[in-house]
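K.L.:
query-v6.cif is reproduced in full below (mmCIF, C-alpha atoms).
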data_upload
#
loop_
_atom_site.label_atom_id
_atom_site.label_comp_id
_atom_site.auth_asym_id
_atom_site.auth_seq_id
_atom_site.Cartn_x
_atom_site.Cartn_y
_atom_site.Cartn_z
CA MET A 132 70.46 154.48 165.96
CA LYS A 133 72.07 155.55 162.91
CA ILE A 134 74.22 158.11 164.68
CA SER A 135 75.43 155.57 167.22
CA ALA A 136 76.22 153.11 164.43
CA ILE A 137 78.22 155.78 162.62
CA LYS A 138 79.97 156.70 165.87
CA GLU A 139 80.81 153.06 166.54
CA TRP A 140 82.09 152.53 163.01
CA PHE A 141 84.14 155.72 163.29
CA GLN A 142 85.70 154.51 166.58
CA ARG A 143 86.66 151.21 164.93
CA GLN A 144 88.17 152.90 161.88
CA LEU A 145 90.08 155.61 163.76
CA PRO A 146 92.98 153.35 164.91
CA VAL A 147 93.31 151.91 161.39
CA TRP A 148 93.43 155.42 159.94
CA LYS A 149 95.97 156.50 162.53
CA GLN A 150 98.16 153.51 161.69
CA LYS A 151 97.84 154.13 157.94
CA GLY A 152 98.52 157.83 158.51
CA ALA A 153 101.63 157.04 160.54
CA VAL A 154 102.96 154.70 157.82
CA GLU A 155 102.18 157.23 155.08
CA GLY A 156 103.67 159.99 157.23
CA GLN A 157 106.90 157.98 157.57
CA LYS A 158 107.02 157.49 153.78
CA VAL A 159 106.46 161.20 153.15
CA LYS A 160 109.08 162.11 155.77
CA LYS A 161 111.65 159.71 154.22
CA GLU A 162 110.96 160.98 150.69
CA PHE A 163 111.20 164.61 151.87
CA THR A 164 114.55 164.02 153.63
CA ASP A 165 115.92 162.16 150.58
CA GLN A 166 114.92 165.03 148.28
CA LEU A 167 116.31 167.60 150.71
CA ARG A 168 119.64 165.72 150.88
CA LYS A 169 119.86 165.56 147.07
CA MET A 170 119.10 169.26 146.75
CA LEU A 171 121.75 170.18 149.34
CA VAL A 172 124.39 168.00 147.65
CA GLY A 173 123.48 169.50 144.25
CA ALA A 174 123.66 173.03 145.64
CA LEU A 175 127.05 172.30 147.24
CA ILE A 176 128.44 170.88 143.97
CA ALA A 177 127.08 173.88 142.04
CA LEU A 178 128.67 176.25 144.54
CA ILE A 179 132.04 174.48 144.27
CA LEU A 180 131.88 174.58 140.45
CA VAL A 181 131.04 178.28 140.48
CA ILE A 182 133.87 179.08 142.89
CA LEU A 183 136.41 177.02 140.93
CA GLY A 184 135.21 178.23 137.53
CA PHE A 185 134.79 181.90 138.38
CA PRO A 186 138.42 182.95 137.76
CA ARG A 187 138.40 181.27 134.35
CA LEU A 188 135.03 182.72 133.49
CA SER A 189 136.16 186.14 134.61
CA ALA A 190 139.40 185.91 132.58
CA TRP A 191 137.47 184.76 129.51
CA TYR A 192 135.06 187.69 129.87
CA GLU A 193 137.89 190.21 130.26
CA GLY A 194 139.56 188.79 127.14
CA TYR A 195 136.25 188.94 125.30
CA LYS A 196 135.77 192.60 126.25
CA GLU A 197 139.34 193.40 125.10
CA ARG A 198 138.78 191.65 121.75
CA GLN A 199 135.58 193.63 121.28
CA LYS A 200 137.41 196.92 121.90
CA ASN A 201 140.46 195.97 119.82
CA PRO A 202 139.41 193.36 117.25
CA ALA A 203 141.91 191.26 115.33
CA ARG A 204 143.00 192.56 111.96
CA GLU A 205 143.54 190.58 108.79
CA VAL A 206 146.91 191.33 107.26
CA TYR A 207 148.83 189.85 104.35
CA ILE A 208 152.40 188.57 104.60
CA ASN A 209 154.33 188.65 101.31
CA VAL A 210 157.16 186.13 101.05
CA SER A 211 159.73 185.37 98.37
CA VAL A 212 161.99 182.30 98.73
CA LEU A 213 165.25 181.78 96.87
CA GLU A 214 167.74 178.93 96.74
CA GLY A 215 170.66 179.92 98.97
CA TYR A 216 173.55 179.59 96.49
CA THR A 217 172.06 180.17 93.06
CA LEU A 218 169.37 182.69 94.10
CA ILE A 219 166.88 180.90 91.85
CA PRO A 220 163.24 181.17 93.04
CA LEU A 221 162.10 178.04 94.88
CA GLU A 222 158.71 176.58 94.05
CA GLY A 223 156.80 174.44 96.56
CA VAL A 224 158.31 175.81 99.77
CA TYR A 225 155.87 175.30 102.64
CA VAL A 226 155.43 178.50 104.68
CA GLN A 227 153.49 178.66 107.95
CA VAL A 228 152.86 181.37 110.51
CA ALA A 229 153.71 179.82 113.89
CA GLY A 230 150.65 179.09 116.00
CA ASP A 231 148.15 179.40 113.14
CA VAL A 232 147.22 176.26 111.22
CA GLU A 233 145.23 178.24 108.66
CA ALA A 234 147.95 180.75 107.70
CA THR A 235 149.93 178.35 105.52
CA GLY A 236 150.76 177.90 101.87
CA TYR A 237 153.27 176.90 99.20
CA THR A 238 155.34 179.23 97.04
CA ASP A 239 154.51 179.44 93.34
CA SER A 240 156.88 178.98 90.36
CA GLU A 241 158.34 182.44 91.04
CA GLY A 242 159.04 181.50 94.67
CA LYS A 243 156.39 183.95 95.94
CA LEU A 244 153.48 183.58 98.34
CA THR A 245 151.00 185.90 100.05
CA LEU A 246 149.59 184.60 103.34
CA ALA A 247 146.41 185.96 104.90
CA TYR A 248 146.92 186.16 108.67
CA GLU A 249 144.58 187.30 111.44
CA ALA A 250 146.79 189.25 113.83
CA GLU A 251 145.52 189.89 117.34
CA ALA A 252 145.30 193.46 118.62
CA GLY A 253 148.76 194.66 119.60
CA GLU A 254 150.53 191.85 117.73
CA ASN A 255 153.25 193.50 115.65
CA THR A 256 155.41 190.54 114.65
CA ALA A 257 154.96 186.93 113.60
CA THR A 258 157.23 183.89 113.36
CA LEU A 259 157.44 182.11 110.00
CA THR A 260 158.62 178.57 109.32
CA LEU A 261 159.86 177.74 105.80
CA SER A 262 160.51 174.15 104.77
CA LYS A 263 161.11 172.05 101.69
CA GLU A 264 162.11 168.40 101.52
CA THR A 265 165.73 168.69 100.35
CA TYR A 266 166.44 172.00 102.08
CA ILE A 267 167.31 173.02 105.64
CA GLU A 268 164.21 174.21 107.48
CA GLU A 269 164.35 177.90 108.31
CA THR A 270 162.53 179.75 111.11
CA GLU A 271 162.27 183.51 110.85
CA TYR A 272 161.43 185.25 114.10
CA GLU A 273 159.80 188.67 114.47
CA VAL A 274 158.69 189.28 110.90
CA ALA A 275 157.09 192.73 111.04
CA LEU A 276 153.34 192.94 110.46
CA PRO A 277 151.46 195.92 109.04
CA GLU A 278 149.48 198.10 111.43
CA ALA A 279 146.14 198.45 109.64
CA ASP A 280 143.49 195.90 108.74
CA GLY A 281 143.83 194.73 105.13
CA ASP A 282 147.41 196.01 104.68
CA SER A 283 150.24 193.83 103.47
CA THR A 284 153.86 193.58 104.48
CA LEU A 285 156.70 194.56 102.26
CA LEU A 286 158.00 191.65 100.22
CA ARG A 287 160.36 189.70 102.48
CA THR A 288 162.97 187.54 100.71
CA PHE A 289 164.34 184.42 102.40
CA GLN A 290 167.03 182.00 101.28
CA LEU A 291 166.97 178.27 101.90
CA LEU A 292 170.18 176.23 101.77
CA PRO A 293 170.24 172.66 100.47
CA LYS A 294 170.72 169.94 103.10
CA GLU A 295 174.02 168.99 101.38
CA ALA A 296 175.36 172.39 102.40
CA GLU A 297 174.70 171.50 106.02
CA LYS A 298 176.71 168.28 105.65
CA LYS A 299 179.58 170.15 103.95
CA ALA A 300 179.59 172.76 106.71
CA GLU A 301 179.79 169.99 109.30
CA GLU A 302 182.70 168.37 107.42
CA VAL A 303 184.56 171.70 107.25
CA GLU A 304 183.90 172.22 110.93
CA MET A 305 185.25 168.76 111.73
CA LEU A 306 188.41 169.46 109.66
CA ASN A 307 188.93 172.80 111.40
CA PHE A 308 188.32 171.21 114.78
CA ASN A 309 191.04 168.57 114.20
#
Please, can you express the file's structure as structure tokens?
P.N.:
Amino acid sequence: MKISAIKEWFQRQLPVWKQKGAVEGQKVKKEFTDQLRKMLVGALIALILVILGFPRLSAWYEGYKERQKNPAREVYINVSVLEGYTLIPLEGVYVQVAGDVEATGYTDSEGKLTLAYEAEAGENTATLTLSKETYIEETEYEVALPEADGDSTLLRTFQLLPKEAEKKAEEVEMLNFN
């Protein structure tokens, strides 16, 4: 009797289990397909990012290798600034190496300044900008840089003209033009 009772109970429970199994199976199937879709979308996005970023990554790596083979060198640029007409040393002239916010400074009471500049490998010249409030701003292109790390340039002397001189030159030009 016990076996027949178990068999009968099993036959009653089997359809319930099948129904529960089908519902659970549908849930598992839905969750699996959702996860699969998310993984495929993620993989596609990752692939696109790798393809788009590869040229930049490759260029960065090539530049990195080149910098390792030929590291930058620290050089010193010596500058002397004089007033254009009187040739008196100018104090407080702001000097900057173009493209480098750290290679800047002001001339001392003797009109002199030494700038530390990190020159890239193969860089042989630099552009300097000299400015002072009542003087015409001057840009000097292709100032020669020393070849070896730690070397300094020869003392370069620059002359700044007062802004009044610019006005006078314009007036003379206007008179000559008429």
K.L.:
Need the shell around A:Ala275: protein/DNA/RNA residues with any atom at most 8 Å away, counting only C-alpha atoms. Skip same-chain ones fewer than 5 positions apart. Format as a list in words?
P.N.:
Asn255, Thr256, Ala257 and Thr284 of chain A
K.L.:
Rounded to one decimal place, report the atom CA of A:Ala136-atom CA of A:Lys151 distance in Å.
P.N.:
22.6 Å
K.L.:
Please enumerate the residues selected by the PyMOL selection byres ((chain A and resi 201) around 12) when evaluated against the supplied file, formatted as a PyMOL selection string.
P.N.:
chain A and resi 194-200+202-204+250-254+279-280
K.L.:
Just the selected residues (C-alpha atoms), exported as a short mmCIF file (atom, residue, chain, number, x, y, z; two decimals), keeping the file's coordinate frame, please.
P.N.:
data_model
loop_
_atom_site.label_atom_id
_atom_site.label_comp_id
_atom_site.auth_asym_id
_atom_site.auth_seq_id
_atom_site.Cartn_x
_atom_site.Cartn_y
_atom_site.Cartn_z
CA GLY A 194 139.56 188.79 127.14
CA TYR A 195 136.25 188.94 125.30
CA LYS A 196 135.77 192.60 126.25
CA GLU A 197 139.34 193.40 125.10
CA ARG A 198 138.78 191.65 121.75
CA GLN A 199 135.58 193.63 121.28
CA LYS A 200 137.41 196.92 121.90
CA PRO A 202 139.41 193.36 117.25
CA ALA A 203 141.91 191.26 115.33
CA ARG A 204 143.00 192.56 111.96
CA ALA A 250 146.79 189.25 113.83
CA GLU A 251 145.52 189.89 117.34
CA ALA A 252 145.30 193.46 118.62
CA GLY A 253 148.76 194.66 119.60
CA GLU A 254 150.53 191.85 117.73
CA ALA A 279 146.14 198.45 109.64
CA ASP A 280 143.49 195.90 108.74
#
K.L.:
Give me, please, the distance in Å between atom CA of A:Ser262 and atom CA of A:Leu285, quoted to one decimal.
P.N.:
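According to the coordinates, atom CA of A:Ser262 and atom CA of A:Leu285 are separated by 20.9 Å.
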K.L.:
List the residues sitting within 9 Å of (155.1, 174.4, 99.5) in the file's frame, using all atoms listed in the file, as a list in words.
P.N.:
Glu222, Gly223, Val224, Tyr225, Val226, Thr235, Gly236, Tyr237, Thr238, Asp239, Leu261, Ser262 and Lys263 of chain A
